[in-house]
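Asks: Contents of entry36.pdb (PDB, C-alpha atoms):
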```
ATOM      1  CA  MET A 271       0.000   0.000   0.000
ATOM      2  CA  PRO A 272       1.259   3.509  -0.805
ATOM      3  CA  PRO A 273       1.526   6.433   1.654
ATOM      4  CA  ASN A 274      -1.264   8.997   1.972
ATOM      5  CA  ASP A 275      -2.557  10.532  -1.242
ATOM      6  CA  ILE A 276      -1.116  13.751  -2.656
ATOM      7  CA  VAL A 277      -2.470  16.021  -5.351
ATOM      8  CA  GLN A 278      -2.335  14.797  -8.952
ATOM      9  CA  TYR A 279      -1.246  17.274 -11.601
ATOM     10  CA  SER A 280      -2.187  17.206 -15.267
ATOM     11  CA  PHE A 281      -1.485  20.225 -17.444
ATOM     12  CA  GLU A 282      -2.282  21.573 -20.867
ATOM     13  CA  GLU A 283       0.146  23.365 -23.161
ATOM     14  CA  SER A 284       2.184  26.211 -21.742
ATOM     15  CA  THR A 285       1.387  29.856 -22.363
ATOM     16  CA  HIS A 286       4.833  30.927 -21.152
ATOM     17  CA  LYS A 287       7.858  31.929 -23.192
ATOM     18  CA  ASP A 288       9.364  28.896 -24.896
ATOM     19  CA  LEU A 289      12.617  27.333 -23.700
ATOM     20  CA  SER A 290      15.203  25.352 -25.632
ATOM     21  CA  LEU A 291      16.005  21.872 -24.345
ATOM     22  CA  LYS A 292      19.443  23.118 -23.279
ATOM     23  CA  GLN A 293      17.861  25.977 -21.297
ATOM     24  CA  LEU A 294      15.300  23.606 -19.785
ATOM     25  CA  ILE A 295      18.093  21.391 -18.454
ATOM     26  CA  HIS A 296      19.905  24.412 -17.060
ATOM     27  CA  ASP A 297      16.750  25.670 -15.327
ATOM     28  CA  ILE A 298      15.915  22.243 -13.834
ATOM     29  CA  HIS A 299      19.394  22.149 -12.307
ATOM     30  CA  GLY A 300      18.751  25.642 -10.929
ATOM     31  CA  VAL A 301      15.459  24.695  -9.285
ATOM     32  CA  LEU A 302      16.471  21.306  -7.893
ATOM     33  CA  GLY A 303      19.973  22.329  -6.833
ATOM     34  CA  ASP A 304      21.563  19.751  -4.561
ATOM     35  CA  GLU A 305      18.351  18.642  -2.878
ATOM     36  CA  GLY A 306      15.859  17.202  -5.367
ATOM     37  CA  LEU A 307      12.059  17.301  -5.196
ATOM     38  CA  ASP A 308      11.853  15.630  -1.791
ATOM     39  CA  SER A 309      13.117  18.855  -0.231
ATOM     40  CA  LYS A 310      10.426  20.875   1.551
ATOM     41  CA  LYS A 311      11.919  23.969  -0.072
ATOM     42  CA  ILE A 312      10.927  22.890  -3.573
ATOM     43  CA  ASN A 313       7.398  22.826  -4.974
ATOM     44  CA  VAL A 314       6.508  20.117  -7.507
ATOM     45  CA  SER A 315       4.590  22.698  -9.546
ATOM     46  CA  GLU A 316       7.843  24.613 -10.237
ATOM     47  CA  ILE A 317       9.280  21.646 -12.115
ATOM     48  CA  ILE A 318       5.996  20.919 -13.874
ATOM     49  CA  ASP A 319       5.830  24.552 -14.983
ATOM     50  CA  LEU A 320       9.359  24.300 -16.394
ATOM     51  CA  MET A 321       8.437  21.179 -18.352
ATOM     52  CA  GLN A 322       5.438  23.040 -19.700
ATOM     53  CA  THR A 323       7.531  25.949 -20.909
ATOM     54  CA  TYR A 324       9.603  23.707 -23.154
ATOM     55  CA  ARG A 325       7.875  23.605 -26.521
ATOM     56  CA  SER A 326       8.714  20.412 -28.396
ATOM     57  CA  ASP A 327      11.330  21.022 -31.082
ATOM     58  CA  ARG A 328      12.423  17.994 -33.097
ATOM     59  CA  MET A 329      15.804  19.571 -33.849
ATOM     60  CA  ASP A 330      16.393  19.790 -30.072
ATOM     61  CA  TRP A 331      15.528  16.241 -29.059
ATOM     62  CA  ARG A 332      16.095  14.145 -32.181
ATOM     63  CA  PRO A 333      19.841  13.516 -31.447
ATOM     64  CA  TYR A 334      18.871  11.810 -28.168
ATOM     65  CA  THR A 335      16.013   9.739 -29.580
ATOM     66  CA  LEU A 336      17.000   6.219 -30.558
ATOM     67  CA  PHE A 337      14.252   3.783 -31.556
ATOM     68  CA  ASP A 338      14.697   0.011 -31.583
ATOM     69  CA  PRO A 339      12.036  -2.026 -33.417
ATOM     70  CA  SER A 340      12.879  -5.079 -31.289
ATOM     71  CA  ARG A 341      11.790  -3.326 -28.057
ATOM     72  CA  PRO A 342       8.487  -1.780 -26.952
ATOM     73  CA  TYR A 343      10.348   1.428 -26.079
ATOM     74  CA  THR A 344      13.841   2.711 -25.310
ATOM     75  CA  ARG A 345      15.085   4.807 -22.368
ATOM     76  CA  ASN A 346      17.575   7.434 -23.592
ATOM     77  CA  LEU A 347      19.388   9.470 -20.933
ATOM     78  CA  VAL A 348      19.754  13.181 -21.701
ATOM     79  CA  ASP A 349      21.086  14.450 -18.339
ATOM     80  CA  ASP A 350      21.948  12.636 -15.098
ATOM     81  CA  GLY A 351      21.249  15.652 -12.880
ATOM     82  CA  ASN A 352      24.439  15.190 -10.855
ATOM     83  CA  GLY A 353      22.754  12.232  -9.197
ATOM     84  CA  LYS A 354      19.671  14.254  -8.141
ATOM     85  CA  PHE A 355      17.481  13.551 -11.169
ATOM     86  CA  ASN A 356      17.400  11.800 -14.520
ATOM     87  CA  LEU A 357      16.055  13.528 -17.607
ATOM     88  CA  MET A 358      15.436  11.049 -20.392
ATOM     89  CA  ILE A 359      13.639  10.596 -23.671
ATOM     90  CA  LEU A 360      11.521   7.504 -24.220
ATOM     91  CA  ALA A 361      10.989   6.394 -27.817
ATOM     92  CA  TRP A 362       7.821   4.301 -28.166
ATOM     93  CA  ASN A 363       7.196   1.909 -31.037
ATOM     94  CA  GLN A 364       3.749   1.589 -32.599
ATOM     95  CA  GLY A 365       1.114  -0.016 -30.387
ATOM     96  CA  GLN A 366       3.559  -0.747 -27.559
ATOM     97  CA  HIS A 367       3.290  -0.076 -23.829
ATOM     98  CA  SER A 368       5.150  -0.188 -20.544
ATOM     99  CA  PRO A 369       4.231  -2.704 -17.855
ATOM    100  CA  ILE A 370       2.094  -1.443 -14.992
ATOM    101  CA  HIS A 371       4.679  -0.091 -12.595
ATOM    102  CA  SER A 372       5.574   2.006  -9.574
ATOM    103  CA  HIS A 373       8.460   4.510  -9.361
ATOM    104  CA  ASP A 374      10.284   3.485  -6.154
ATOM    105  CA  GLY A 375       9.346   6.783  -4.491
ATOM    106  CA  SER A 376      10.542   8.940  -7.385
ATOM    107  CA  HIS A 377       8.576  11.911  -8.723
ATOM    108  CA  CYS A 378       7.821  11.457 -12.434
ATOM    109  CA  VAL A 379       6.983  14.332 -14.795
ATOM    110  CA  MET A 380       6.175  13.272 -18.358
ATOM    111  CA  LYS A 381       5.840  15.539 -21.393
ATOM    112  CA  ILE A 382       4.765  14.376 -24.836
ATOM    113  CA  LEU A 383       7.180  15.488 -27.560
ATOM    114  CA  GLU A 384       5.617  13.772 -30.569
ATOM    115  CA  GLY A 385       2.590  11.595 -31.206
ATOM    116  CA  GLU A 386       0.068  10.621 -28.542
ATOM    117  CA  LEU A 387       0.393   8.563 -25.365
ATOM    118  CA  GLN A 388      -2.234   6.982 -23.161
ATOM    119  CA  GLU A 389      -1.664   6.901 -19.409
ATOM    120  CA  THR A 390      -3.700   4.388 -17.417
ATOM    121  CA  LEU A 391      -3.595   5.083 -13.689
ATOM    122  CA  PHE A 392      -4.251   2.173 -11.303
ATOM    123  CA  ASP A 393      -4.932   1.994  -7.601
ATOM    124  CA  TRP A 394      -2.451   0.004  -5.547
ATOM    125  CA  PRO A 395      -3.453  -3.633  -4.849
ATOM    126  CA  GLN A 396      -5.940  -3.745  -1.997
ATOM    127  CA  SER A 397      -5.813  -7.486  -1.316
ATOM    128  CA  GLU A 398      -3.823  -9.049   1.490
ATOM    129  CA  GLU A 399      -0.488 -10.681   0.745
ATOM    130  CA  GLY A 400      -0.977 -14.016  -0.998
ATOM    131  CA  GLU A 401      -4.457 -13.101  -2.283
ATOM    132  CA  SER A 402      -5.301 -12.374  -5.908
ATOM    133  CA  GLU A 403      -7.423  -9.422  -7.055
ATOM    134  CA  ALA A 404      -7.509  -7.433 -10.293
ATOM    135  CA  LEU A 405      -6.106  -3.917 -10.196
ATOM    136  CA  VAL A 406      -8.644  -1.097 -10.277
ATOM    137  CA  ILE A 407      -8.328   1.556 -13.009
ATOM    138  CA  LEU A 408      -8.611   5.050 -11.532
ATOM    139  CA  LYS A 409      -8.179   7.090 -14.688
ATOM    140  CA  ASP A 410      -7.436   6.692 -18.394
ATOM    141  CA  THR A 411      -6.056   9.777 -20.161
ATOM    142  CA  PHE A 412      -4.730  10.510 -23.650
ATOM    143  CA  TYR A 413      -1.994  13.121 -23.967
ATOM    144  CA  ARG A 414      -0.874  14.826 -27.164
ATOM    145  CA  SER A 415       2.244  16.780 -28.073
ATOM    146  CA  ASP A 416       3.353  19.373 -25.465
ATOM    147  CA  GLN A 417       1.003  18.178 -22.741
ATOM    148  CA  VAL A 418       2.457  17.333 -19.335
ATOM    149  CA  THR A 419       1.412  14.965 -16.563
ATOM    150  CA  TYR A 420       2.780  14.037 -13.140
ATOM    151  CA  VAL A 421       2.675  10.830 -11.127
ATOM    152  CA  HIS A 422       4.102   9.592  -7.839
ATOM    153  CA  ASP A 423       3.624   6.353  -5.903
ATOM    154  CA  LYS A 424       1.307   8.256  -3.552
ATOM    155  CA  ILE A 425      -1.006   8.815  -6.524
ATOM    156  CA  GLY A 426      -0.933   5.279  -7.864
ATOM    157  CA  LEU A 427       0.611   2.925 -10.387
ATOM    158  CA  HIS A 428       0.539   3.578 -14.106
ATOM    159  CA  ARG A 429       0.967   2.097 -17.557
ATOM    160  CA  VAL A 430       1.946   4.197 -20.579
ATOM    161  CA  THR A 431       0.827   3.115 -24.047
ATOM    162  CA  ASN A 432       1.391   4.323 -27.587
ATOM    163  CA  PRO A 433      -2.130   3.749 -28.968
ATOM    164  CA  SER A 434      -1.152   4.323 -32.590
ATOM    165  CA  ALA A 435      -0.687   1.296 -34.838
ATOM    166  CA  GLN A 436       0.963   3.482 -37.497
ATOM    167  CA  LYS A 437       3.306   5.938 -35.762
ATOM    168  CA  GLY A 438       5.886   5.965 -33.011
ATOM    169  CA  ALA A 439       5.738   8.433 -30.124
ATOM    170  CA  VAL A 440       8.354  10.338 -28.131
ATOM    171  CA  SER A 441       8.168  11.587 -24.537
ATOM    172  CA  LEU A 442      10.426  13.512 -22.165
ATOM    173  CA  HIS A 443      10.617  12.197 -18.578
ATOM    174  CA  LEU A 444      12.045  13.736 -15.436
ATOM    175  CA  TYR A 445      12.609  11.386 -12.486
ATOM    176  CA  THR A 446      13.770  12.772  -9.155
ATOM    177  CA  PRO A 447      15.369  11.205  -7.261
ATOM    178  CA  PRO A 448      16.645   8.815  -9.952
ATOM    179  CA  TYR A 449      15.689   5.163  -9.569
ATOM    180  CA  LYS A 450      17.210   1.977 -10.935
ATOM    181  CA  VAL A 451      14.629  -0.592  -9.863
ATOM    182  CA  CYS A 452      10.845  -0.468  -9.573
ATOM    183  CA  LYS A 453       7.982  -2.918  -9.155
ATOM    184  CA  THR A 454       5.798  -4.177 -11.985
ATOM    185  CA  PHE A 455       2.274  -5.506 -11.502
ATOM    186  CA  GLU A 456      -0.027  -8.021 -13.170
ATOM    187  CA  GLU A 457      -3.327  -6.324 -14.007
ATOM    188  CA  LYS A 458      -5.530  -9.392 -13.472
ATOM    189  CA  THR A 459      -4.054 -10.513 -10.161
ATOM    190  CA  GLY A 460      -2.289  -7.488  -8.655
ATOM    191  CA  GLU A 461       0.815  -9.620  -8.214
ATOM    192  CA  ALA A 462       4.006  -7.566  -7.910
ATOM    193  CA  GLN A 463       7.557  -8.377  -8.852
ATOM    194  CA  SER A 464      10.834  -6.498  -9.153
ATOM    195  CA  SER A 465      11.556  -5.049 -12.573
ATOM    196  CA  GLY A 466      15.259  -5.730 -12.237
ATOM    197  CA  VAL A 467      17.619  -2.907 -13.150
ATOM    198  CA  CYS A 468      16.024  -0.434 -15.607
ATOM    199  CA  PRO A 469      18.830   0.118 -18.158
ATOM    200  CA  PHE A 470      19.470   3.039 -20.476
ATOM    201  CA  TYR A 471      19.440   2.318 -24.185
ATOM    202  CA  SER A 472      21.639   5.345 -24.874
ATOM    203  CA  VAL A 473      23.416   8.142 -23.017
ATOM    204  CA  ASN A 474      23.787  11.580 -24.648
ATOM    205  CA  GLY A 475      22.758  10.116 -27.990
ATOM    206  CA  VAL A 476      25.296   7.259 -27.934
ATOM    207  CA  ARG A 477      23.977   3.704 -27.662
ATOM    208  CA  CYS A 478      25.121   1.883 -24.536
ATOM    209  CA  PRO A 479      27.199  -1.277 -25.115
ATOM    210  CA  SER A 480      24.914  -3.124 -22.691
ATOM    211  CA  SER A 481      21.957  -2.541 -25.041
ATOM    212  CA  MET A 482      23.671  -4.151 -28.039
TER     213      MET A 482
END
```
For the structure just supplied, provide its representation as structure tokens.
Replies:
Amino acid sequence: MPPNDIVQYSFEESTHKDLSLKQLIHDIHGVLGDEGLDSKKINVSEIIDLMQTYRSDRMDWRPYTLFDPSRPYTRNLVDDGNGKFNLMILAWNQGQHSPIHSHDGSHCVMKILEGELQETLFDWPQSEEGESEALVILKDTFYRSDQVTYVHDKIGLHRVTNPSAQKGAVSLHLYTPPYKVCKTFEEKTGEAQSSGVCPFYSVNGVRCPSSM
């Protein structure tokens, strides 16, 4: 079971002055500093607002976006946040999805850069250990380019899907603090298991040897 609920954020396109990806990274470092989002000094909405102000520009993010047709999606690291956050680009193949998963206590801000993504939010399993019960869907939302959403374990579990059978999709994700392992869940039974280490497919646009 997760801790007490906190507010869920879901935002439309920004009306603020546009940022470049380079400036966005600089500003995220400025807001998070050496503490990360768990600090009482930092408001989640500040980071969400920054993600909103970045208007998707293919020339900005294309060098970091590596697709692999043999995988549902790839995790491409853009900036490691000096150990305080990870900013990455996920490249989603047609009709593919993530498993239902938690975030090991990390704050997750997701922005759509291209295409459309569906986020299905689930309640945490309510059954006692050893019992089987289907997960309950709390919300199903479709996000288009430049929209932003936020999730944390206190809000629930989620699954992200590229609903298009014709086109890939690209999203920008900020995780703070960074996490290497999370839990995945079976929808029909609520059974949880460790994801194992969540590897990067590429770092700064260069494919990782471990992904070959």
Asks: Given the file shown, enumerate the residues that the PyMOL selection byres ((chain A and resi 376) around 10) captures and present them as a PyMOL selection string.
Replies: chain A and resi 307-308+355+372-375+377-379+421-423+444-449+452
Asks: So what do you get for CA of Ile382 in chain A versus CA of Phe455 in chain A, distance-wise?
Replies: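 Between CA of Ile382 in chain A and CA of Phe455 in chain A the gap works out to 24.1 Å.
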Asks: Report, in Å with one decimal, the straight-line distance from CA of Ala439 in chain A to CA of Thr344 in chain A.
Replies: 11.0 Å
Asks: Pull out every residue that the PyMOL selection byres ((chain A and resi 341) around 10) matches in the shown coordinates and put them as a list of chain:residue names.
Replies: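 This file, filtered by the PyMOL selection byres ((chain A and resi 341) around 10), leaves A:Phe337, A:Asp338, A:Pro339, A:Ser340, A:Pro342, A:Tyr343, A:Thr344, A:Ala361, A:Trp362, A:Asn363, A:Gln366.
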Asks: Residues at most 7 Å from His371 in chain A, counting all atoms listed in the file, excluding those fewer than 3 positions away in the same chain, as a ChimeraX atom specification?
Replies: /A:427-429,452-455
Asks: One decimal, Å: what's the distance from CA of Leu442 in chain A over to CA of Lys424 in chain A, could you say?
Replies: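 So the answer is 21.4 Å.
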Asks: Counting only C-alpha atoms, which residue out of A:Pro333, A:Gly365, A:Gly426, A:Gly303 sits closest to Gly353 in chain A?
Replies: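 Under the stated criterion, the closest residue is A:Gly303.
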Asks: Quick one: what's the axis-aligned box for range 352-368 of chain A, all listed atoms, 4 Å on every side, centre and edges in Å to one decimal, as lines of an AutoDock Vina configuration file?
Replies:
```
center_x = 12.8
center_y = 7.2
center_z = -20.4
size_x = 31.3
size_y = 23.9
size_z = 32.5
```
Asks: Hey, what's within 8 Å of Leu347 in chain A if we count all atoms listed in the file and toss same-chain stuff fewer than 2 positions away? As a list in words, please?
Replies: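 Everything that qualifies: Tyr334, Arg345, Asp349, Asp350, Asn356, Leu357, Met358, Ile359, Phe470, Tyr471, Ser472, Val473, Asn474 and Gly475 of chain A.
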Asks: Expand the PyMOL selection byres ((chain A and resi 315-332) around 7) into the explicit residue set it covers here, and present it as a list of chain:residue names.
Replies: A:Glu283, A:Ser284, A:His286, A:Lys287, A:Asp288, A:Leu289, A:Ser290, A:Leu291, A:Leu294, A:Ile298, A:Asn313, A:Val314, A:Pro333, A:Tyr334, A:Thr335, A:Val379, A:Lys381, A:Leu383, A:Asp416, A:Val418
Asks: Of the candidates A:Lys409, A:Lys458, A:His367, A:Arg477, which shows the shortest atom-to-atom distance to Ser434 in chain A, using only C-alpha atoms?
Replies: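 The shortest atom-to-atom distance to Ser434 in chain A comes from A:His367.
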Asks: Out of A:Gly300, A:Pro369, A:Gly466, A:Gly385, which residue has the shortest atom-to-atom distance to Ala435 in chain A when counting only C-alpha atoms?
Replies: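 That would be A:Gly385, the residue with the smallest distance to Ala435 in chain A.
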